[in-house]
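Below is one structure, written out as structure tokens; the observations come after it.
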Amino acid sequence: MSGASQPPAPAASYAAAGVDIEAGDRAVELMKEWVKKTRRPESVGALGGFAGLFDASVLKRYERPLLASATDGVGTKVAVAQRMDVHDTIGHDLVAMVVDDLVVTGAEPLFMTDYICVGKVVPERVAAIVKGIAEGCVLAGCALVGGETAEHPGLLGPDEYDVAGAGTGVVEADAVLGADRIRTGDAVVAMASSGLHSNGYSLVRHVLLDRAGWALDRAVPEFGRTLGEELLEPTKIYSLDCLALLRATEVHAFSHVTGGGLASNLARVVPDGLRAVVDRTTWAPGAVFDVVGEVGRVEQAELERTLNMGVGMVAVVPQASVDVALALLADRGVDAWVAGEVRDQDGAGAGDVELTGDYAR
């Protein structure tokens with residue numbers, strides 16, 4: 001080769017490849033105080049081990065304990081959090097999506113683990129995400145026993161991340177809720193959502209951000225706050241309310257209203273030969289649902305199969321339990337009402353849900 005020799009390239013390192021181990025260690029230190037707040041008596045060990053530990057002797061009080069497991073994320077709601085640079089609520093959403101799937105079986109959520117994947121570890125940002133997860137676990141009554149933060153430079157941008165979580169609960173075998181318990185005449189008790197929760201954000205972002213071009217700091221009179229504040233409203237966590245309901249009266253089934261909307265999720269617990277008739281006139285969906293529909297000219301059927309339309313959880317209870325259920329939920333600050341009933345279905349076939357009437361305005 002002609003010419004002067006080139007100086008050797010600097011030695012390759014993990015840091016040069018984009019992974020900052022020291023930042024990861026600092027993130028762990030920052031999140032420890034929040035994780036401590038989620039401890040239950042059964043929590044064993046401290047944060048930082050290779051696996052989370054939970055004292056399973058708690059299961060001895062059950063005759064035949066069944067473990068319930070659920071995993072979920074929060075979808076593209078994280079894109080809103082990233083654009084707003086607000087990261088301490090998205091973890092609350094994550095917990096809600098997991099624990100309220102567990103409680104639908106009648107299970108008490110025991111513990112959770114989380115997975116946070118980032119393009120670049122910013123310790124304060126990761127700690128803020130974990131803070132939200134920890135606060136959600138406190139509201140759900142479960143422990144955060146561990147998790148993982150992974151740095152993926154090149155796969156995600158420096159300010160991008162995604163979150164996921166898994167939870168475990170326990171329920172007595174003869175207390176498992178579901179379609180087999182539902183009977184003709186049961187009441188459908190709806191519990192209000194806190195807003196969009198964590199579903200349908202691809203549609204909402206497409207309508208309001210992409211097509212309408214609204215900024216997240218835009219003040220929206222219908223919301224009484226900015227668009228971004230409305231979109232980041234945390235998902236309501238119902239698990240302790242549902243468990244209190246189980247202790248107070250007879251419940252045949254719960255349905256967590258997530259992706260697919262009210263009808264499709266309620267249909268998952270309606271048995272063959274029966275149908276649930278839900279009366280839209282019994283509630284008025286929040287303003288955000290109207291705004292998305294009007295601005296995007298989204299048909300009602302499309303809204304209903306994408307968004308929760310103001311109902312985040314449903315309890316199916318015998319008529320004799322209605323008064324107790326409504327009173328208990330009211331005492332706990334949960335807006336709830338009888339939205340329908342279970343009826344016989346003409347002919348055999350899969351369980352079904354019928355929405356009737358027009359929403360109250």
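By convention in this document, the chains of the structure tokens carry letters A, B, ... by their order, each chain's residues are numbered from 1, and ligands are numbered from 1 in the order they are shown.
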Which residues are near Asp162 of chain A? Cut-off 10 Å, only C-alpha atoms, ignore same chain within fewer than 4 positions. Put them as a PDB file with N, CA and C atoms, in the first residue's frame.
ATOM      1  N   GLY A  73     -48.856  -5.092  27.370  1.00  0.00           N
ATOM      2  CA  GLY A  73     -48.131  -3.842  27.234  1.00  0.00           C
ATOM      3  C   GLY A  73     -49.132  -2.710  27.217  1.00  0.00           C
ATOM      4  N   VAL A  74     -48.732  -1.556  26.712  1.00  0.00           N
ATOM      5  CA  VAL A  74     -49.657  -0.419  26.632  1.00  0.00           C
ATOM      6  C   VAL A  74     -49.780   0.112  25.217  1.00  0.00           C
ATOM      7  N   GLY A  75     -49.236  -0.610  24.242  1.00  0.00           N
ATOM      8  CA  GLY A  75     -49.407  -0.216  22.857  1.00  0.00           C
ATOM      9  C   GLY A  75     -48.765   1.121  22.531  1.00  0.00           C
ATOM     10  N   THR A  76     -49.375   1.800  21.556  1.00  0.00           N
ATOM     11  CA  THR A  76     -48.756   3.038  21.061  1.00  0.00           C
ATOM     12  C   THR A  76     -49.026   4.244  21.948  1.00  0.00           C
ATOM     13  N   LYS A  77     -49.622   4.040  23.112  1.00  0.00           N
ATOM     14  CA  LYS A  77     -49.730   5.136  24.071  1.00  0.00           C
ATOM     15  C   LYS A  77     -48.344   5.619  24.487  1.00  0.00           C
ATOM     16  N   VAL A  78     -47.345   4.729  24.397  1.00  0.00           N
ATOM     17  CA  VAL A  78     -45.983   5.146  24.757  1.00  0.00           C
ATOM     18  C   VAL A  78     -45.483   6.248  23.837  1.00  0.00           C
ATOM     19  N   ALA A  79     -45.978   6.288  22.588  1.00  0.00           N
ATOM     20  CA  ALA A  79     -45.543   7.330  21.660  1.00  0.00           C
ATOM     21  C   ALA A  79     -45.976   8.709  22.148  1.00  0.00           C
ATOM     22  N   GLN A  82     -43.686   9.697  25.047  1.00  0.00           N
ATOM     23  CA  GLN A  82     -42.371  10.094  24.562  1.00  0.00           C
ATOM     24  C   GLN A  82     -42.410  11.499  23.969  1.00  0.00           C
ATOM     25  N   ILE A  90     -47.081   6.044  32.386  1.00  0.00           N
ATOM     26  CA  ILE A  90     -47.229   4.915  31.468  1.00  0.00           C
ATOM     27  C   ILE A  90     -47.120   3.575  32.205  1.00  0.00           C
ATOM     28  N   TYR A 115     -40.685  -5.323  31.896  1.00  0.00           N
ATOM     29  CA  TYR A 115     -39.613  -5.308  30.894  1.00  0.00           C
ATOM     30  C   TYR A 115     -39.651  -3.959  30.207  1.00  0.00           C
ATOM     31  N   ILE A 116     -38.561  -3.220  30.283  1.00  0.00           N
ATOM     32  CA  ILE A 116     -38.451  -1.900  29.676  1.00  0.00           C
ATOM     33  C   ILE A 116     -37.319  -1.949  28.652  1.00  0.00           C
ATOM     34  N   CYS A 117     -37.669  -1.722  27.399  1.00  0.00           N
ATOM     35  CA  CYS A 117     -36.687  -1.742  26.320  1.00  0.00           C
ATOM     36  C   CYS A 117     -36.492  -0.310  25.835  1.00  0.00           C
ATOM     37  N   VAL A 118     -35.256   0.175  25.845  1.00  0.00           N
ATOM     38  CA  VAL A 118     -34.985   1.576  25.513  1.00  0.00           C
ATOM     39  C   VAL A 118     -33.924   1.654  24.427  1.00  0.00           C
ATOM     40  N   GLY A 119     -33.957   2.759  23.680  1.00  0.00           N
ATOM     41  CA  GLY A 119     -32.886   2.994  22.716  1.00  0.00           C
ATOM     42  C   GLY A 119     -31.627   3.460  23.400  1.00  0.00           C
ATOM     43  N   LEU A 156     -33.951   0.992  18.484  1.00  0.00           N
ATOM     44  CA  LEU A 156     -34.820   2.084  18.919  1.00  0.00           C
ATOM     45  C   LEU A 156     -34.008   3.374  18.936  1.00  0.00           C
TER      46      LEU A 156
END
Compile the contact shell of Ala320 of chain A as a PDB file with all heavy atoms, in the first residue's frame: residues with an atom at most 10 Å away, counting only C-alpha atoms, same-chain residues fewer than 4 positions apart removed.
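Result saved to part-v5.pdb:
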ATOM      1  N   ASP A 186     -79.323 -12.314  35.010  1.00  0.00           N
ATOM      2  CA  ASP A 186     -78.199 -11.626  35.648  1.00  0.00           C
ATOM      3  C   ASP A 186     -78.116 -10.181  35.153  1.00  0.00           C
ATOM      4  O   ASP A 186     -78.445  -9.879  34.002  1.00  0.00           O
ATOM      5  CB  ASP A 186     -76.881 -12.340  35.330  1.00  0.00           C
ATOM      6  CG  ASP A 186     -76.658 -13.579  36.177  1.00  0.00           C
ATOM      7  OD1 ASP A 186     -77.468 -13.830  37.091  1.00  0.00           O
ATOM      8  OD2 ASP A 186     -75.665 -14.300  35.925  1.00  0.00           O
ATOM      9  N   ALA A 187     -77.665  -9.307  36.016  1.00  0.00           N
ATOM     10  CA  ALA A 187     -77.505  -7.906  35.663  1.00  0.00           C
ATOM     11  C   ALA A 187     -76.088  -7.637  35.174  1.00  0.00           C
ATOM     12  O   ALA A 187     -75.114  -8.218  35.674  1.00  0.00           O
ATOM     13  CB  ALA A 187     -77.798  -7.013  36.865  1.00  0.00           C
ATOM     14  N   THR A 249     -70.425  -9.823  47.971  1.00  0.00           N
ATOM     15  CA  THR A 249     -71.648 -10.364  47.383  1.00  0.00           C
ATOM     16  C   THR A 249     -71.305 -11.370  46.297  1.00  0.00           C
ATOM     17  O   THR A 249     -70.124 -11.596  45.984  1.00  0.00           O
ATOM     18  CB  THR A 249     -72.523  -9.224  46.813  1.00  0.00           C
ATOM     19  OG1 THR A 249     -73.814  -9.734  46.490  1.00  0.00           O
ATOM     20  CG2 THR A 249     -71.898  -8.598  45.581  1.00  0.00           C
ATOM     21  N   GLU A 250     -72.319 -11.942  45.684  1.00  0.00           N
ATOM     22  CA  GLU A 250     -72.107 -12.944  44.645  1.00  0.00           C
ATOM     23  C   GLU A 250     -71.840 -12.274  43.307  1.00  0.00           C
ATOM     24  O   GLU A 250     -72.554 -11.378  42.873  1.00  0.00           O
ATOM     25  CB  GLU A 250     -73.340 -13.849  44.533  1.00  0.00           C
ATOM     26  CG  GLU A 250     -73.183 -14.996  43.536  1.00  0.00           C
ATOM     27  CD  GLU A 250     -74.400 -15.906  43.484  1.00  0.00           C
ATOM     28  OE1 GLU A 250     -75.358 -15.659  44.254  1.00  0.00           O
ATOM     29  OE2 GLU A 250     -74.396 -16.852  42.679  1.00  0.00           O
ATOM     30  N   VAL A 324     -76.206  -4.254  46.549  1.00  0.00           N
ATOM     31  CA  VAL A 324     -74.960  -4.326  47.311  1.00  0.00           C
ATOM     32  C   VAL A 324     -73.779  -3.918  46.439  1.00  0.00           C
ATOM     33  O   VAL A 324     -72.898  -3.156  46.861  1.00  0.00           O
ATOM     34  CB  VAL A 324     -74.747  -5.742  47.879  1.00  0.00           C
ATOM     35  CG1 VAL A 324     -73.354  -5.865  48.500  1.00  0.00           C
ATOM     36  CG2 VAL A 324     -75.810  -6.077  48.904  1.00  0.00           C
ATOM     37  N   ALA A 325     -73.772  -4.410  45.211  1.00  0.00           N
ATOM     38  CA  ALA A 325     -72.667  -4.112  44.297  1.00  0.00           C
ATOM     39  C   ALA A 325     -72.575  -2.618  44.018  1.00  0.00           C
ATOM     40  O   ALA A 325     -71.494  -2.017  44.108  1.00  0.00           O
ATOM     41  CB  ALA A 325     -72.836  -4.888  42.989  1.00  0.00           C
TER      42      ALA A 325
END
| task | Identify, with DSSP run on backbone atoms, the residues in segment 225-337 of chain A assigned to strand (DSSP E), and express the list as a ChimeraX atom specification. | result | /A:225-226,253-256,274-279,311-317,336-337
Saved selection, atoms kept: N, CA and C atoms, as a compact mmCIF listing (two decimals), in the first residue's frame:
# COMPACT_ATOMS: atom_id res chain seq x y z
N ARG A 225 -58.66 20.62 29.35
CA ARG A 225 -57.21 20.51 29.49
C ARG A 225 -56.62 20.30 28.11
N THR A 226 -55.32 20.09 28.02
CA THR A 226 -54.70 19.91 26.72
C THR A 226 -54.98 18.51 26.17
N ALA A 253 -69.27 -13.14 36.93
CA ALA A 253 -68.19 -12.92 35.96
C ALA A 253 -67.78 -11.45 35.95
N PHE A 254 -66.54 -11.23 35.53
CA PHE A 254 -66.06 -9.89 35.21
C PHE A 254 -65.63 -9.89 33.76
N SER A 255 -65.62 -8.72 33.15
CA SER A 255 -65.06 -8.55 31.82
C SER A 255 -64.26 -7.27 31.79
N HIS A 256 -62.98 -7.38 31.47
CA HIS A 256 -62.10 -6.23 31.36
C HIS A 256 -62.21 -5.69 29.94
N LEU A 274 -77.12 -17.94 25.68
CA LEU A 274 -77.53 -16.71 26.35
C LEU A 274 -76.96 -15.51 25.60
N ARG A 275 -77.52 -14.34 25.86
CA ARG A 275 -77.00 -13.11 25.29
C ARG A 275 -77.10 -12.01 26.32
N ALA A 276 -76.19 -11.08 26.24
CA ALA A 276 -76.22 -9.92 27.11
C ALA A 276 -76.74 -8.73 26.30
N VAL A 277 -77.77 -8.10 26.81
CA VAL A 277 -78.34 -6.92 26.15
C VAL A 277 -77.92 -5.70 26.96
N VAL A 278 -77.18 -4.81 26.32
CA VAL A 278 -76.63 -3.62 26.98
C VAL A 278 -77.31 -2.38 26.39
N ASP A 279 -77.81 -1.54 27.26
CA ASP A 279 -78.57 -0.36 26.87
C ASP A 279 -77.66 0.87 26.88
N VAL A 311 -66.65 2.57 29.36
CA VAL A 311 -66.82 1.43 30.28
C VAL A 311 -65.51 0.65 30.31
N GLY A 312 -64.88 0.58 31.48
CA GLY A 312 -63.60 -0.09 31.58
C GLY A 312 -63.65 -1.49 32.16
N MET A 313 -64.68 -1.77 32.95
CA MET A 313 -64.85 -3.09 33.57
C MET A 313 -66.33 -3.36 33.70
N VAL A 314 -66.69 -4.63 33.59
CA VAL A 314 -68.09 -5.05 33.74
C VAL A 314 -68.14 -6.18 34.76
N ALA A 315 -69.14 -6.13 35.64
CA ALA A 315 -69.43 -7.25 36.54
C ALA A 315 -70.79 -7.81 36.17
N VAL A 316 -70.88 -9.10 36.03
CA VAL A 316 -72.16 -9.76 35.80
C VAL A 316 -72.57 -10.42 37.11
N VAL A 317 -73.68 -9.94 37.67
CA VAL A 317 -74.09 -10.37 39.01
C VAL A 317 -75.56 -10.77 39.00
N ALA A 336 -70.56 3.44 38.85
CA ALA A 336 -71.09 2.19 38.31
C ALA A 336 -72.60 2.27 38.17
N TRP A 337 -73.14 1.49 37.26
CA TRP A 337 -74.58 1.50 37.00
C TRP A 337 -74.99 0.20 36.33
| request: Run DSSP on the backbone of this structure and report the residues of segment 207-334 of chain A it assigns to helix (DSSP H, G or I), as a PyMOL selection string. | output: chain A and resi 207-211+227-231+239-248+261-267+280-282+287-296+300-304+319-331
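Nearest to Gly259 of chain A of all the residues A:Ile237, A:Leu307, A:Val189, A:Ala150 is A:Leu307, based on only C-alpha atoms.
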| query | Nearest to His152 of chain A among A:Pro221, A:Val353, A:Tyr201, A:Val121, with distances taken over only C-alpha atoms: which residue is it? | reply | A:Val121
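Across the model, the gap from atom CA of Met309 of chain A to atom CA of Gly141 of chain A is 26.8 Å.
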Give me, as a tab-separated table, the closest atom pair and its distance (Å, one decimal) for every residue of segment 242-301 of chain A within a cut-off of 12 Å of segment 100-106 of chain A, counting only C-alpha atoms, rows sorted by chain and rising number.
residue	atom	partner	partner_atom	distance
A:Cys242	CA	A:Val103	CA	7.1
A:Leu243	CA	A:Gly106	CA	7.4
A:Ala244	CA	A:Gly106	CA	10.8
A:Leu245	CA	A:Gly106	CA	10.3
A:Leu246	CA	A:Gly106	CA	7.8
A:Arg247	CA	A:Gly106	CA	10.5
A:Glu250	CA	A:Gly106	CA	11.5
A:Val251	CA	A:Gly106	CA	9.2
A:His252	CA	A:Gly106	CA	9.5
A:Ala253	CA	A:Val104	CA	7.0
A:Phe254	CA	A:Val104	CA	4.9
A:Ser255	CA	A:Val104	CA	6.0
A:His256	CA	A:Asp101	CA	6.3
A:Val257	CA	A:Asp101	CA	9.4
A:Thr258	CA	A:Asp101	CA	9.4
A:Asn265	CA	A:Asp101	CA	11.1
A:Leu266	CA	A:Val104	CA	11.1
A:Arg268	CA	A:Val104	CA	11.1
A:Val269	CA	A:Val104	CA	9.7
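Of the residues under consideration (A:Glu230, A:Asp93, A:Asp159, A:Asp352), A:Asp93 shows the shortest atom-to-atom contact distance to His197 of chain A when counting only C-alpha atoms.
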| said: At a cut-off of 9 Å, using only C-alpha atoms, what residues contact Gly260 of chain A? Leave out same-chain residues fewer than 6 positions from it and give the result as number ranges by chain. | reply: A: 199-200, 304-308
| atom CA of Ala327 of chain A to atom CA of Gly310 of chain A, distance in Å rounded to a single decimal | 19.9 Å
Surrounding residues of Glu172 of chain A excluding itself and chain neighbours under 2 positions, 12 Å, only C-alpha atoms, as a PDB file with C-alpha atoms, in the first residue's frame:
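Contents of the output file result_22.pdb:
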ATOM      1  CA  LEU A  59     -50.850 -20.566  48.995  1.00  0.00           C
ATOM      2  CA  LYS A  60     -51.234 -22.914  51.985  1.00  0.00           C
ATOM      3  CA  ARG A  61     -54.413 -21.152  53.005  1.00  0.00           C
ATOM      4  CA  TYR A  62     -56.040 -22.328  49.785  1.00  0.00           C
ATOM      5  CA  GLU A  63     -57.530 -25.796  49.403  1.00  0.00           C
ATOM      6  CA  ARG A  64     -56.769 -25.981  45.691  1.00  0.00           C
ATOM      7  CA  PRO A  65     -54.954 -22.829  44.573  1.00  0.00           C
ATOM      8  CA  LEU A  66     -54.838 -22.034  40.884  1.00  0.00           C
ATOM      9  CA  LEU A  67     -52.197 -19.626  39.661  1.00  0.00           C
ATOM     10  CA  ALA A  68     -53.390 -17.093  37.101  1.00  0.00           C
ATOM     11  CA  THR A 105     -60.794 -14.867  36.770  1.00  0.00           C
ATOM     12  CA  GLY A 106     -61.457 -14.005  40.411  1.00  0.00           C
ATOM     13  CA  ALA A 107     -57.730 -14.092  41.179  1.00  0.00           C
ATOM     14  CA  GLU A 108     -55.954 -11.826  43.631  1.00  0.00           C
ATOM     15  CA  GLY A 169     -52.342 -14.117  40.830  1.00  0.00           C
ATOM     16  CA  VAL A 170     -54.090 -16.872  42.756  1.00  0.00           C
ATOM     17  CA  ASP A 174     -63.982 -23.598  43.016  1.00  0.00           C
ATOM     18  CA  ALA A 175     -64.130 -19.784  42.964  1.00  0.00           C
ATOM     19  CA  VAL A 176     -62.989 -19.230  39.382  1.00  0.00           C
ATOM     20  CA  LEU A 177     -65.342 -16.832  37.630  1.00  0.00           C
TER      21      LEU A 177
END
| task | Return the single residue from A:Arg39, A:Arg183, A:Arg361, A:Arg211 that is closest to Thr281 of chain A, with distances computed using only C-alpha atoms. | result | A:Arg361
| field | Shell of 10 Å around Thr38 of chain A, only C-alpha atoms, local chain residues under 5 positions omitted, as JSON, numbers by chain | value | {"A": [33, 43, 111, 112, 133, 134, 135, 136, 137, 138, 139, 140, 141, 142, 143, 144, 145]}
